[in-house]
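Each remark here refers to the structure printed beneath this line.
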Amino acid sequence: MLEELLQAIPIEAGTIQSGLELHSGIARLYPRVYGNLVRIAGSRATTGIIIVHPMSNFHGHHLLQPIATSGIPILGLNTRYAGNDAVVILENCLLDIDAAIRWVRERHGWQKVILCGFSGGGPLVSLYQRQAENPTITATPAGDPPDLTKTRLAPANALLLIAASPSRSQLYQEFIDPSVIDERDPDRRDPEFDLYAPGREPPFDRGWLAEYRLRQKARVQRIEDFVVAELKRLTGLGIRDRAFITHRTVADPRFLDLTIDPDDRAVGTIWGDARAANEAPGPMGRMSTLRNWLSIWSPTHSNGDSLKNLPHVSVPIGMMPMTADQGTMMVHGRAIRDAAPAHLVDFFPLKGMTHYFYNQPEGFPMAVNTIRSWMGRWGLADGAQGASQ
């Protein structure tokens, strides 16, 4: 029998800044983050998993019950930014994770904590563990608190990366539509580099593809130049931040051309049809503030890059990419694996599985059995005497 405990996790009042990056009065005045702890009723397990993403609501994550049923307690953690990607500041998310790790250790007796990043949570937990082991960040990319060199983050005992991206900034650059030539008018486009122009069919010419990638980088650079200049201008006027929209951010040629970085994925995206997703208001990176963009989406300024952070981590790293994932593809999983210390990494792709195991019930026991085996190898399971670190 499972029990689910939706509980408030206190965070220090000083970690909620007065700059109104949070738009909920309750969140600012009563600083809490919330987690759904799922476990077998009466369990006294001393090892558990915290699964997290910068903004997604993980209280109902699809892996909570399968993992808990196997005897591993798991906390689906929401950061202070749950449901609001437009204002996420990665560095503040680290403080929320720290509060959760301390809470499960003190309140529930966990002696070993496995910090799991799912999808965009992968670069978040990689950043967290690096800063917990050897803090280097003294401010956010916009120059705001926290100073992590003055904050003792509680390190996790291991990292688990499931369907994880290298960084959200890398995906943003690979996914963005380079045909947009006026950020204020998304209908002004260069038809030569419109992925969805009539008559454009895969496989795409590799010369055209190389130029397409260069134009994606150029568009991101134009946005970054705007963000830096606008933040400086507004600061001079005494204005802290401002929101803006980035249209058309779902145009990676790999969504249509399966010969580019081939794996087991099908045509399309994790948001459905690629062309429709490119026009929709919802997919990632659409709405931002200037400070949020620097922290999350900037390839120059964001700290959330697993490829840079994992080399500085000294705990076991379990990696579970999905070979049919339409979002974080196998090429991303291999890049993360190769960036991490080889003696700490276990790489276990799940053959044929998609990002969310949608209509794939066989994926759940496959994932749980793999996680349990990995935990046993590293002495992370209750009572296990695994490999030395």
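Ordered as shown in the structure tokens, chains take letters A, B, and onward, while each chain numbers its residues from 1 and ligands are numbered from 1 in the order shown.
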Please identify every residue of region 53-169 of chain A that has at least one atom no farther than 8 Å from an atom of region 356-366 of chain A, counting only C-alpha atoms, and for each give the shortest atom pair and the distance in Å to one decimal, arranged by chain then increasing number, as a tab-separated table.
```
residue	atom	partner	partner_atom	distance
A:His62	CA	A:Tyr356	CA	7.5
A:Leu63	CA	A:Phe364	CA	7.3
A:Pro66	CA	A:Phe364	CA	6.4
```
Restrict the selected residues to C-alpha atoms and save them as a PDB file, in the first residue's frame.
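The new file result30.pdb reads:
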```
ATOM      1  CA  HIS A  62       4.783   9.420 -14.022  1.00  0.00           C
ATOM      2  CA  LEU A  63       7.715   7.676 -12.262  1.00  0.00           C
ATOM      3  CA  PRO A  66       6.363   2.850 -10.041  1.00  0.00           C
TER       4      PRO A  66
END
```
* Which residues in region 17-173 of chain A does DSSP call helix (DSSP H, G or I)? List them as a ChimeraX atom specification. -> /A:25-29,64-69,85-87,90-108,121-133,148-150,168-173
- Task: Find the residues around region 81-98 of chain A up to 7 Å (only C-alpha atoms counted), leave out those fewer than 3 positions away in its own chain, and share them as a ChimeraX atom specification.
- Result: /A:11,21,33,54-57,78,101-102,128,140,146,153-154,287-289,292,295-296
Requested write-out: all heavy atoms of the selected residues, as a compact mmCIF listing (two decimals), in the first residue's frame:
```txt
# COMPACT_ATOMS: atom_id res chain seq x y z
N ILE A 11 11.85 27.00 3.37
CA ILE A 11 13.12 27.53 2.91
C ILE A 11 13.36 28.84 3.64
O ILE A 11 12.42 29.48 4.12
CB ILE A 11 13.17 27.73 1.38
CG1 ILE A 11 12.01 28.59 0.90
CG2 ILE A 11 13.15 26.41 0.66
CD1 ILE A 11 12.02 28.83 -0.59
N GLU A 21 10.71 38.53 -8.51
CA GLU A 21 10.80 37.53 -9.57
C GLU A 21 9.73 36.46 -9.35
O GLU A 21 9.40 35.71 -10.25
CB GLU A 21 12.20 36.93 -9.66
CG GLU A 21 12.47 35.69 -8.83
CD GLU A 21 12.83 36.00 -7.38
OE1 GLU A 21 12.83 37.18 -6.99
OE2 GLU A 21 13.11 35.06 -6.65
N VAL A 33 8.60 25.55 -0.45
CA VAL A 33 8.45 24.77 -1.67
C VAL A 33 7.69 23.51 -1.28
O VAL A 33 7.62 23.15 -0.10
CB VAL A 33 9.81 24.43 -2.33
CG1 VAL A 33 10.45 25.70 -2.88
CG2 VAL A 33 10.76 23.73 -1.37
N PRO A 54 13.27 22.55 -13.13
CA PRO A 54 13.20 23.96 -12.72
C PRO A 54 11.79 24.51 -12.57
O PRO A 54 11.54 25.34 -11.69
CB PRO A 54 13.95 24.69 -13.84
CG PRO A 54 14.86 23.68 -14.42
CD PRO A 54 14.14 22.37 -14.30
N MET A 55 10.84 24.07 -13.44
CA MET A 55 9.50 24.66 -13.36
C MET A 55 8.35 23.67 -13.50
O MET A 55 7.22 24.01 -13.18
CB MET A 55 9.33 25.75 -14.43
CG MET A 55 9.56 25.35 -15.87
SD MET A 55 8.33 24.29 -16.67
CE MET A 55 6.89 25.34 -16.63
N SER A 56 8.59 22.47 -13.96
CA SER A 56 7.47 21.53 -14.14
C SER A 56 6.94 21.05 -12.80
O SER A 56 7.69 20.90 -11.83
CB SER A 56 7.92 20.32 -14.97
OG SER A 56 8.14 20.69 -16.31
N ASN A 57 5.64 20.80 -12.76
CA ASN A 57 5.00 20.28 -11.56
C ASN A 57 5.24 18.77 -11.49
O ASN A 57 4.68 18.01 -12.26
CB ASN A 57 3.50 20.58 -11.60
CG ASN A 57 2.78 20.13 -10.34
OD1 ASN A 57 3.29 19.33 -9.56
ND2 ASN A 57 1.58 20.64 -10.14
N ASN A 78 8.71 20.35 -6.34
CA ASN A 78 8.48 21.55 -7.14
C ASN A 78 9.35 22.67 -6.60
O ASN A 78 9.39 22.90 -5.38
CB ASN A 78 7.01 21.99 -7.06
CG ASN A 78 6.10 21.13 -7.91
OD1 ASN A 78 6.53 20.14 -8.49
ND2 ASN A 78 4.84 21.49 -7.98
N ILE A 101 16.69 18.45 0.39
CA ILE A 101 17.64 17.43 0.83
C ILE A 101 17.76 17.43 2.35
O ILE A 101 17.73 16.38 3.01
CB ILE A 101 19.01 17.64 0.16
CG1 ILE A 101 18.92 17.31 -1.34
CG2 ILE A 101 20.09 16.77 0.83
CD1 ILE A 101 20.21 17.55 -2.11
N ARG A 102 17.88 18.61 2.91
CA ARG A 102 17.99 18.70 4.37
C ARG A 102 16.70 18.19 5.04
O ARG A 102 16.73 17.54 6.09
CB ARG A 102 18.30 20.13 4.80
CG ARG A 102 19.66 20.62 4.31
CD ARG A 102 19.92 22.07 4.70
NE ARG A 102 21.15 22.55 4.09
CZ ARG A 102 22.37 22.35 4.56
NH1 ARG A 102 22.52 21.66 5.68
NH2 ARG A 102 23.43 22.83 3.94
N TYR A 128 23.61 21.80 -9.39
CA TYR A 128 23.48 21.73 -7.94
C TYR A 128 24.65 20.98 -7.31
O TYR A 128 25.30 21.47 -6.37
CB TYR A 128 22.17 21.05 -7.53
CG TYR A 128 22.04 20.95 -6.03
CD1 TYR A 128 21.48 21.98 -5.30
CD2 TYR A 128 22.55 19.84 -5.34
CE1 TYR A 128 21.41 21.91 -3.90
CE2 TYR A 128 22.48 19.77 -3.96
CZ TYR A 128 21.92 20.81 -3.25
OH TYR A 128 21.87 20.76 -1.88
N THR A 140 23.90 35.56 -9.69
CA THR A 140 23.27 35.11 -10.93
C THR A 140 23.91 35.82 -12.12
O THR A 140 24.64 36.80 -11.94
CB THR A 140 21.77 35.43 -10.92
OG1 THR A 140 21.60 36.85 -11.09
CG2 THR A 140 21.10 34.99 -9.62
N PRO A 146 21.65 34.55 -5.25
CA PRO A 146 22.48 34.23 -4.10
C PRO A 146 23.97 34.11 -4.44
O PRO A 146 24.34 33.84 -5.57
CB PRO A 146 21.95 32.85 -3.68
CG PRO A 146 21.55 32.22 -4.99
CD PRO A 146 20.98 33.34 -5.81
N LEU A 153 25.49 24.35 0.47
CA LEU A 153 24.48 23.44 -0.06
C LEU A 153 24.81 22.01 0.38
O LEU A 153 25.97 21.59 0.38
CB LEU A 153 24.46 23.50 -1.59
CG LEU A 153 24.15 24.86 -2.24
CD1 LEU A 153 24.25 24.74 -3.76
CD2 LEU A 153 22.77 25.36 -1.83
N ALA A 154 23.78 21.27 0.73
CA ALA A 154 23.96 19.88 1.15
C ALA A 154 24.15 19.00 -0.08
O ALA A 154 23.24 18.89 -0.91
CB ALA A 154 22.75 19.41 1.95
N MET A 287 8.12 32.66 -23.38
CA MET A 287 7.94 33.85 -22.55
C MET A 287 9.05 33.90 -21.51
O MET A 287 9.32 32.90 -20.84
CB MET A 287 6.56 33.82 -21.89
CG MET A 287 5.43 33.74 -22.89
SD MET A 287 3.81 33.61 -22.14
CE MET A 287 2.81 33.20 -23.58
N SER A 288 9.68 35.04 -21.39
CA SER A 288 10.83 35.19 -20.50
C SER A 288 10.83 36.58 -19.90
O SER A 288 10.19 37.50 -20.41
CB SER A 288 12.14 35.01 -21.27
OG SER A 288 12.14 33.87 -22.10
N THR A 289 11.59 36.72 -18.82
CA THR A 289 12.03 38.04 -18.41
C THR A 289 13.50 38.13 -18.77
O THR A 289 14.16 37.12 -19.07
CB THR A 289 11.84 38.28 -16.91
OG1 THR A 289 12.80 37.49 -16.20
CG2 THR A 289 10.44 37.95 -16.47
N ASN A 292 15.57 36.15 -16.26
CA ASN A 292 15.31 34.73 -16.48
C ASN A 292 16.05 34.23 -17.72
O ASN A 292 16.64 33.15 -17.73
CB ASN A 292 13.80 34.53 -16.61
CG ASN A 292 13.42 33.30 -17.42
OD1 ASN A 292 13.15 33.40 -18.63
ND2 ASN A 292 13.37 32.16 -16.79
N SER A 295 19.67 33.55 -17.10
CA SER A 295 19.90 32.42 -16.22
C SER A 295 19.62 31.08 -16.89
O SER A 295 20.33 30.09 -16.64
CB SER A 295 19.05 32.55 -14.95
OG SER A 295 19.29 31.49 -14.06
N ILE A 296 18.61 31.04 -17.76
CA ILE A 296 18.16 29.77 -18.33
C ILE A 296 18.62 29.56 -19.78
O ILE A 296 19.18 28.53 -20.13
CB ILE A 296 16.62 29.68 -18.30
CG1 ILE A 296 16.13 29.64 -16.85
CG2 ILE A 296 16.13 28.44 -19.06
CD1 ILE A 296 16.35 28.32 -16.17
```
Per residue of region 149-216 of chain A within 10 Å of region 103-125 of chain A, record the nearest atom pair and its distance in Å to one decimal, counting only C-alpha atoms, with rows in chain order and ascending residue number, as a tab-separated table.
```
residue	atom	partner	partner_atom	distance
A:Pro155	CA	A:Val113	CA	8.6
A:Ala156	CA	A:Val113	CA	5.4
A:Asn157	CA	A:Val113	CA	5.4
A:Ala158	CA	A:Ile114	CA	4.8
A:Leu159	CA	A:Leu115	CA	5.0
A:Leu160	CA	A:Cys116	CA	4.4
A:Leu161	CA	A:Gly117	CA	5.1
A:Ile162	CA	A:Phe118	CA	4.8
A:Ala163	CA	A:Ser119	CA	5.0
A:Ala164	CA	A:Ser119	CA	4.0
A:Ser165	CA	A:Ser119	CA	5.7
A:Pro166	CA	A:Pro123	CA	6.0
A:Ser167	CA	A:Pro123	CA	5.4
A:Arg168	CA	A:Gly120	CA	6.3
A:Ser169	CA	A:Pro123	CA	10.0
A:Leu171	CA	A:Gly120	CA	9.6
```
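Atom to atom, CA of Arg152 (chain A) and CA of Ala132 (chain A) stand 6.8 Å apart.
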